[in-house]
>>> print(open('run.cif').read())   # mmCIF, C-alpha atoms
data_final
loop_
_atom_site.label_atom_id
_atom_site.label_comp_id
_atom_site.auth_asym_id
_atom_site.auth_seq_id
_atom_site.Cartn_x
_atom_site.Cartn_y
_atom_site.Cartn_z
CA MET A 24 -3.46 39.25 142.36
CA ASN A 25 -4.15 42.41 140.37
CA ARG A 26 -4.51 41.09 136.87
CA PRO A 27 -5.91 43.28 134.12
CA LYS A 28 -9.57 42.58 133.43
CA ILE A 29 -9.56 42.55 129.65
CA LYS A 30 -12.54 41.38 127.65
CA ILE A 31 -11.30 39.07 124.90
CA GLU A 32 -13.29 39.52 121.71
CA LYS A 33 -14.39 36.25 120.16
CA THR A 34 -13.42 35.43 116.62
CA VAL A 35 -15.78 33.73 114.18
CA ALA A 36 -13.91 30.48 114.88
CA ASP A 37 -14.45 30.94 118.64
CA LYS A 38 -18.18 31.48 118.18
CA SER A 39 -18.39 28.54 115.78
CA ILE A 40 -16.67 26.23 118.27
CA GLU A 41 -19.08 27.29 121.02
CA ILE A 42 -22.13 26.73 118.81
CA LEU A 43 -20.82 23.36 117.60
CA THR A 44 -20.21 22.26 121.18
CA PHE A 45 -23.80 22.86 122.19
CA VAL A 46 -25.12 21.38 118.93
CA LEU A 47 -23.20 18.17 119.71
CA ILE A 48 -24.61 17.98 123.23
CA LEU A 49 -28.12 18.81 122.02
CA GLY A 50 -27.69 16.29 119.20
CA SER A 51 -26.89 13.67 121.81
CA GLY A 52 -30.20 14.36 123.55
CA ILE A 53 -32.09 14.33 120.24
CA LEU A 54 -30.47 11.00 119.32
CA ILE A 55 -31.65 9.47 122.59
CA GLY A 56 -35.15 10.87 122.14
CA PHE A 57 -35.39 9.64 118.55
CA TYR A 58 -34.39 6.03 119.34
CA TYR A 59 -35.63 5.81 122.94
CA ASN A 60 -38.69 3.64 122.24
CA GLN A 61 -36.68 1.27 120.02
CA LEU A 62 -34.02 0.60 122.67
CA PRO A 63 -34.15 -2.37 125.07
CA GLU A 64 -34.61 -1.66 128.78
CA LYS A 65 -30.98 -2.68 129.54
CA LEU A 66 -28.10 -1.72 127.29
CA PRO A 67 -24.38 -0.89 127.47
CA ILE A 68 -24.03 2.73 128.55
CA HIS A 69 -20.20 3.06 128.21
CA PHE A 70 -19.90 5.01 131.46
CA ASN A 71 -20.34 3.21 134.76
CA TRP A 72 -21.01 5.95 137.26
CA PRO A 73 -24.80 5.99 137.43
CA SER A 74 -25.40 2.29 136.70
CA LYS A 75 -23.37 0.59 139.45
CA ASP A 76 -23.39 -2.45 137.13
CA LYS A 77 -19.85 -3.79 136.94
CA ASN A 78 -20.40 -4.82 133.31
CA GLY A 79 -21.36 -1.31 132.16
CA PHE A 80 -25.03 -2.04 131.55
CA GLY A 81 -27.83 0.19 132.68
CA THR A 82 -31.38 1.11 131.92
CA LYS A 83 -32.05 3.22 128.88
CA ASP A 84 -33.08 6.08 131.20
CA LEU A 85 -29.41 6.40 132.21
CA LEU A 86 -28.55 7.52 128.69
CA TRP A 87 -29.95 10.94 129.61
CA ALA A 88 -27.17 11.37 132.18
CA SER A 89 -24.55 12.00 129.49
CA PRO A 90 -26.17 15.00 127.74
CA ILE A 91 -27.36 16.43 131.06
CA ILE A 92 -23.94 16.21 132.73
CA CYS A 93 -22.09 17.36 129.60
CA GLY A 94 -24.58 20.21 129.18
CA ILE A 95 -23.98 21.40 132.74
CA ILE A 96 -20.19 21.16 132.26
CA GLY A 97 -20.48 22.93 128.89
CA ILE A 98 -22.46 25.82 130.35
CA GLY A 99 -20.03 26.03 133.29
CA ILE A 100 -16.99 26.24 131.01
CA TYR A 101 -18.77 28.74 128.75
CA LYS A 102 -19.49 31.02 131.75
CA LEU A 103 -16.02 30.52 133.27
CA ASN A 104 -14.45 31.53 129.96
CA GLN A 105 -15.85 35.03 130.44
CA TYR A 106 -13.44 35.64 133.35
CA PRO A 107 -9.95 34.63 132.14
CA TRP A 108 -8.21 36.76 134.78
CA ILE A 109 -9.23 34.27 137.49
CA PHE A 110 -7.50 31.29 135.80
CA ASN A 111 -4.18 29.83 136.87
CA TYR A 112 -1.32 30.56 134.48
CA PRO A 113 2.21 29.17 134.26
CA SER A 114 3.64 32.69 134.24
CA GLU A 115 2.98 36.05 135.86
CA ILE A 116 0.21 38.05 134.14
CA ASP A 117 0.74 41.77 133.53
CA GLU A 118 -0.45 44.44 131.10
CA ASN A 119 2.04 43.29 128.44
CA ASN A 120 1.07 39.64 128.26
CA ALA A 121 -2.51 39.56 129.55
CA GLU A 122 -4.29 39.64 126.22
CA TYR A 123 -2.17 36.85 124.72
CA ASN A 124 -2.46 34.61 127.79
CA TYR A 125 -6.19 35.23 128.18
CA ARG A 126 -6.78 34.49 124.49
CA GLN A 127 -4.80 31.24 124.71
CA ALA A 128 -6.56 30.14 127.90
CA THR A 129 -10.06 30.89 126.61
CA GLN A 130 -9.26 29.18 123.31
CA MET A 131 -8.03 26.10 125.16
CA LEU A 132 -11.19 25.92 127.27
CA ARG A 133 -13.36 26.34 124.17
CA ILE A 134 -11.63 23.43 122.47
CA LEU A 135 -11.78 21.38 125.67
CA ASN A 136 -15.51 22.08 125.80
CA LEU A 137 -15.80 20.95 122.17
CA LEU A 138 -14.04 17.70 123.08
CA ILE A 139 -16.53 17.20 125.89
CA GLY A 140 -19.37 17.71 123.40
CA LEU A 141 -17.77 15.18 121.04
CA LEU A 142 -17.33 12.75 123.92
CA CYS A 143 -20.98 13.17 124.89
CA LEU A 144 -22.21 12.45 121.38
CA SER A 145 -19.77 9.54 120.96
CA VAL A 146 -20.78 7.82 124.20
CA THR A 147 -24.45 8.32 123.38
CA LEU A 148 -24.01 7.05 119.81
CA MET A 149 -22.10 3.97 120.98
CA SER A 150 -24.80 3.14 123.53
CA VAL A 151 -27.66 3.67 121.07
CA LEU A 152 -25.96 1.60 118.35
CA ASP A 153 -25.22 -1.19 120.86
CA GLY A 154 -28.80 -1.03 122.09
CA LEU A 155 -30.07 -1.38 118.52
CA GLY A 156 -27.75 -4.35 117.98
CA ILE A 157 -25.54 -2.56 115.43
CA GLU A 158 -21.88 -3.56 115.62
CA ASN A 159 -19.78 -0.38 115.56
CA GLY A 160 -16.34 -0.78 117.19
CA LEU A 161 -16.21 2.94 118.05
CA ASP A 162 -15.09 2.21 121.60
CA LYS A 163 -11.85 0.61 120.37
CA PHE A 164 -10.95 3.81 118.53
CA LEU A 165 -12.42 6.46 120.80
CA GLY A 166 -11.52 4.79 124.11
CA PRO A 167 -7.83 5.67 123.91
CA LEU A 168 -8.29 8.84 121.84
CA PHE A 169 -10.30 10.98 124.26
CA PRO A 170 -7.99 10.66 127.30
CA ILE A 171 -5.02 11.56 125.10
CA LEU A 172 -6.82 14.62 123.72
CA LEU A 173 -8.23 15.74 127.07
CA ILE A 174 -4.81 15.54 128.74
CA GLY A 175 -2.70 16.62 125.77
CA LEU A 176 -4.65 19.80 124.98
CA PRO A 177 -3.88 21.62 128.25
CA ILE A 178 -0.24 20.49 128.07
CA LEU A 179 0.03 21.89 124.54
CA TYR A 180 -1.39 25.27 125.60
CA VAL A 181 0.85 25.51 128.68
CA ILE A 182 3.86 24.90 126.44
CA LYS A 183 2.58 27.53 124.01
CA ILE A 184 2.19 30.11 126.79
CA LEU A 185 5.63 29.32 128.26
CA MET A 186 7.27 29.60 124.83
CA ASN A 187 5.64 33.00 124.33
CA LYS A 188 6.90 34.09 127.76
CA LYS A 189 10.43 33.07 126.78
CA THR A 190 10.14 34.93 123.45
CA MET A 191 8.82 38.09 125.12
CA HIS A 192 11.52 37.86 127.82
CA ASN A 193 14.29 37.67 125.19
CA ASN A 194 12.99 40.77 123.33
#
>>> encode(input="run.cif", output="structure tokens")
Amino acid sequence: MNRPKIKIEKTVADKSIEILTFVLILGSGILIGFYYNQLPEKLPIHFNWPSKDKNGFGTKDLLWASPIICGIIGIGIYKLNQYPWIFNYPSEIDENNAEYNYRQATQMLRILNLLIGLLCLSVTLMSVLDGLGIENGLDKFLGPLFPILLIGLPILYVIKILMNKKTMHNN
């Protein structure tokens, strides 16, 4: 696999998305810290992995898992995005199409990272609001939305790359 190693210059939008992603994750941590002492010891955490409670309740300390895990994932995706030539692509990469494919792939990962930041803040916000006894209903809206976005985004970009391949092949 001898793909061209091209550095893709970031646009202002790219940089803004990256900053916003980390602001959302950091905001999640700040939200927890701000309301931590007001929260009850047990509250709904909206993600079951660390709690082992079949009803989705956990201690308020488990709220920190979301920004920590999302922060690690965010940093990982940010670093991975610096090496687009190692990604898997639905078409062969050569000198003619490398820049386009790399730009599309890095843009997709940036937006995916932003969705992870939004998910982190949403889960944290829902848990904090539930812990404070504030009825919010966010889970009814966001529950089905995030899986659709997280699955649909890569599909959309694969289609975009394949359509460009077809266009370039016809020219």
>>> closest_residue(input="run.cif", among="A:Met186, A:Met149, A:Ile96, A:Leu135", to="Ile171 of chain A", atoms="all atoms listed in the file")
A:Leu135
>>> atom_distance(input="run.cif", atom1="atom CA of Ala121 of chain A", atom2="atom CA of Asn136 of chain A")
22.1 Å
>>> closest_residue(input="run.cif", among="A:Thr129, A:Asn187, A:Thr147, A:Thr44", to="Gly94 of chain A", atoms="all atoms listed in the file")
A:Thr44
>>> resolve_selection(input="run.cif", expression="the PyMOL selection byres ((chain A and resi 177) around 12)", output="PDB file with C-alpha atoms, in the coordinates of the input")
ATOM      1  CA  ASN A 111      -4.180  29.830 136.870  1.00  0.00           C
ATOM      2  CA  TYR A 112      -1.320  30.560 134.480  1.00  0.00           C
ATOM      3  CA  PRO A 113       2.210  29.170 134.260  1.00  0.00           C
ATOM      4  CA  GLN A 127      -4.800  31.240 124.710  1.00  0.00           C
ATOM      5  CA  ALA A 128      -6.560  30.140 127.900  1.00  0.00           C
ATOM      6  CA  THR A 129     -10.060  30.890 126.610  1.00  0.00           C
ATOM      7  CA  GLN A 130      -9.260  29.180 123.310  1.00  0.00           C
ATOM      8  CA  MET A 131      -8.030  26.100 125.160  1.00  0.00           C
ATOM      9  CA  LEU A 132     -11.190  25.920 127.270  1.00  0.00           C
ATOM     10  CA  ARG A 133     -13.360  26.340 124.170  1.00  0.00           C
ATOM     11  CA  ILE A 134     -11.630  23.430 122.470  1.00  0.00           C
ATOM     12  CA  LEU A 135     -11.780  21.380 125.670  1.00  0.00           C
ATOM     13  CA  ASN A 136     -15.510  22.080 125.800  1.00  0.00           C
ATOM     14  CA  PRO A 170      -7.990  10.660 127.300  1.00  0.00           C
ATOM     15  CA  ILE A 171      -5.020  11.560 125.100  1.00  0.00           C
ATOM     16  CA  LEU A 172      -6.820  14.620 123.720  1.00  0.00           C
ATOM     17  CA  LEU A 173      -8.230  15.740 127.070  1.00  0.00           C
ATOM     18  CA  ILE A 174      -4.810  15.540 128.740  1.00  0.00           C
ATOM     19  CA  GLY A 175      -2.700  16.620 125.770  1.00  0.00           C
ATOM     20  CA  LEU A 176      -4.650  19.800 124.980  1.00  0.00           C
ATOM     21  CA  ILE A 178      -0.240  20.490 128.070  1.00  0.00           C
ATOM     22  CA  LEU A 179       0.030  21.890 124.540  1.00  0.00           C
ATOM     23  CA  TYR A 180      -1.390  25.270 125.600  1.00  0.00           C
ATOM     24  CA  VAL A 181       0.850  25.510 128.680  1.00  0.00           C
ATOM     25  CA  ILE A 182       3.860  24.900 126.440  1.00  0.00           C
ATOM     26  CA  LYS A 183       2.580  27.530 124.010  1.00  0.00           C
ATOM     27  CA  ILE A 184       2.190  30.110 126.790  1.00  0.00           C
TER      28      ILE A 184
END
>>> resolve_selection(input="run.cif", expression="the PyMOL selection byres ((chain A and resi 28) around 10)", output="ChimeraX atom specification")
/A:25-27,29-31,106-109,118,121-122,125
>>> closest_residue(input="run.cif", among="A:Leu165, A:Leu142, A:Leu185, A:Val151", to="Leu47 of chain A", atoms="all atoms listed in the file")
A:Leu142
>>> closest_residue(input="run.cif", among="A:Gly99, A:Ser89, A:Ile116, A:Gly81", to="Leu54 of chain A", atoms="only C-alpha atoms")
A:Ser89
>>> atom_distance(input="run.cif", atom1="atom CA of Lys33 of chain A", atom2="atom CA of Phe169 of chain A")
25.9 Å
>>> atom_distance(input="run.cif", atom1="atom CA of Ser150 of chain A", atom2="atom CA of Ile68 of chain A")
5.1 Å
>>> resolve_selection(input="run.cif", expression="the PyMOL selection byres ((chain A and resi 161) around 10)", output="ChimeraX atom specification")
/A:145-146,148-149,152,158-160,162-166
>>> closest_residue(input="run.cif", among="A:Pro167, A:Gly156, A:Ser39, A:Ile139", to="Ile92 of chain A", atoms="all atoms listed in the file")
A:Ile139
>>> closest_residue(input="run.cif", among="A:Leu144, A:Ile98, A:Lys188, A:Gly154", to="Lys65 of chain A", atoms="only C-alpha atoms")
A:Gly154
